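J.: So that we are looking at the same thing, I have put the structure below in structure tokens.
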Amino acid sequence: MFRKKTDDAPTFWIATSELPTIPAHAFYDKLDGALVACQFGAEVRRLAAPFYEMDASKGGQPGIDPEVYFKMLRVGFFENLASERAIAARCADSLAIRAFLHYGLTERTPHHSSLTVIRQRLDSEVYDAVFALVLRALRGRKLLKGKRLAIDTSVLEAHAALRSLQHRLTGEKYRQYVKRLAAEAGVDTTDPRAVSRFDRKRKGRKTSNDECRTRMSRTRRWAPTRRA
């Protein structure tokens, strides 16, 4: 047992052969092999190209490779990371993930703010297509096995939606109640937007338990299914 000593004069230059190495991480190594086999990088860049300025003469810093971005999202999914900041930090710290992203030890990995910019730039259809591409790649290497899951339960709404509320005194449905008030106020009740706008701004608007109650809708029972 001894205490690690910190070098007072850090090295300014180090040979590549002396850089620390790690054994390949089995999971990320297999995942990277599957993505390379299906030409993941080329396909992702093709999908993302319409959302980027491809004319280099217009200036600006080079963009992050979309392949790297989507690989970082996979890291966040597999390691249950809840934020882009956490994903960026994990990718910067892990040598195994750096190898998966094809980043060297001295290369700076993308900052979390760059991930936010890319997320806001790309269309949801791109994410759907990339997700399907990853599934095909894993299925092609037999790294993904599908299963059918079924739950014997009732279908219930998670919250008391306005359409399920009923006025305690009049017995009217919430929408009918609002329409009646809107008509009395001279609002055109044939215009749903006008009625909704009136409802949001009307004085004394309440949806508390003292004024409204929830109408429980009929539930359905789902029988479990099994895979043969």
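Ordering of the structure tokens sets the chain letters (A, B, ...); residue numbers start at 1 within each chain; ligands are numbered from 1 in the order shown.
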Excluding Arg193 of chain A and residues on its chain fewer than 6 positions from it, collect all residues at most 12 Å away from it, counting only C-alpha atoms, and give them as a list in words.
T.: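 Non-adjacent residues within range: Lys179, Ala182, Val187, Asp199 and Arg200 of chain A.
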J.: Tell me, as a PyMOL selection string, which residues lie within 10 Å of segment 130-139 of chain A, counting only C-alpha atoms; anything in the same chain fewer than 2 positions away does not count.
T.: chain A and resi 30-40+43-44+47-48+67+70-71+74+125-128+141-146
J.: For a quick check of understanding, using only C-alpha atoms, which of A:Gly140, A:Gly76, A:Tyr52, A:Phe27 has the smallest distance to Phe100 of chain A?
T.: A:Phe27
J.: Just how far from atom CA of Ile118 of chain A is atom CA of Val75 of chain A, in Å to one decimal?
T.: 16.2 Å
J.: Provide the atom CA of Arg46 of chain A to atom CA of Gly104 of chain A distance in Å, to one decimal place.
T.: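 So the answer is 24.9 Å.
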J.: Measuring between only C-alpha atoms, which one of A:Glu184, A:His111, A:Leu73, A:His102 shows the shortest distance to Ala89 of chain A?
T.: A:His111
J.: In Å, with one decimal, what is the gap from atom CA of Cys91 of chain A to atom CA of Pro110 of chain A?
T.: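 Here the two named atoms are 8.6 Å from each other.
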J.: As a list in words, please: every residue in segment 97-128 of chain A that a backbone DSSP assignment puts in alpha helix (DSSP H).
T.: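 Here are the alpha helix (DSSP H) residues of segment 97-128 of chain A: Ile97, Arg98, Ala99, Phe100, Leu101, His112, Ser113, Ser114, Leu115, Thr116, Val117, Ile118, Arg119, Gln120, Arg121, Ser124, Glu125, Val126, Tyr127 and Asp128 of chain A.
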J.: Write out the residues from the selection above, keeping C-alpha atoms, as a PDB file, in the first residue's frame.
T.:
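Contents of part_17.pdb, as written:
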```pdb
ATOM      1  CA  ILE A  97     -16.699   3.884 -25.287  1.00  0.00           C
ATOM      2  CA  ARG A  98     -14.045   6.081 -26.897  1.00  0.00           C
ATOM      3  CA  ALA A  99     -12.979   3.028 -28.887  1.00  0.00           C
ATOM      4  CA  PHE A 100     -16.622   2.382 -29.812  1.00  0.00           C
ATOM      5  CA  LEU A 101     -16.908   5.994 -31.068  1.00  0.00           C
ATOM      6  CA  HIS A 112     -23.278  18.068 -24.415  1.00  0.00           C
ATOM      7  CA  SER A 113     -24.415  21.403 -25.888  1.00  0.00           C
ATOM      8  CA  SER A 114     -23.576  20.083 -29.364  1.00  0.00           C
ATOM      9  CA  LEU A 115     -25.832  17.091 -28.750  1.00  0.00           C
ATOM     10  CA  THR A 116     -28.688  19.483 -27.965  1.00  0.00           C
ATOM     11  CA  VAL A 117     -28.137  21.401 -31.217  1.00  0.00           C
ATOM     12  CA  ILE A 118     -28.172  18.216 -33.289  1.00  0.00           C
ATOM     13  CA  ARG A 119     -31.263  16.877 -31.503  1.00  0.00           C
ATOM     14  CA  GLN A 120     -33.177  20.058 -32.331  1.00  0.00           C
ATOM     15  CA  ARG A 121     -31.967  20.034 -35.932  1.00  0.00           C
ATOM     16  CA  SER A 124     -38.203  12.679 -35.885  1.00  0.00           C
ATOM     17  CA  GLU A 125     -38.312  10.546 -39.050  1.00  0.00           C
ATOM     18  CA  VAL A 126     -34.503  10.412 -39.015  1.00  0.00           C
ATOM     19  CA  TYR A 127     -34.512   9.011 -35.477  1.00  0.00           C
ATOM     20  CA  ASP A 128     -37.100   6.397 -36.449  1.00  0.00           C
TER      21      ASP A 128
END
```
J.: Which residue is closest to Phe78 of chain A? Choose from A:Tyr103, A:Tyr28, A:Leu181, A:Phe51 and count only C-alpha atoms.
T.: A:Tyr28
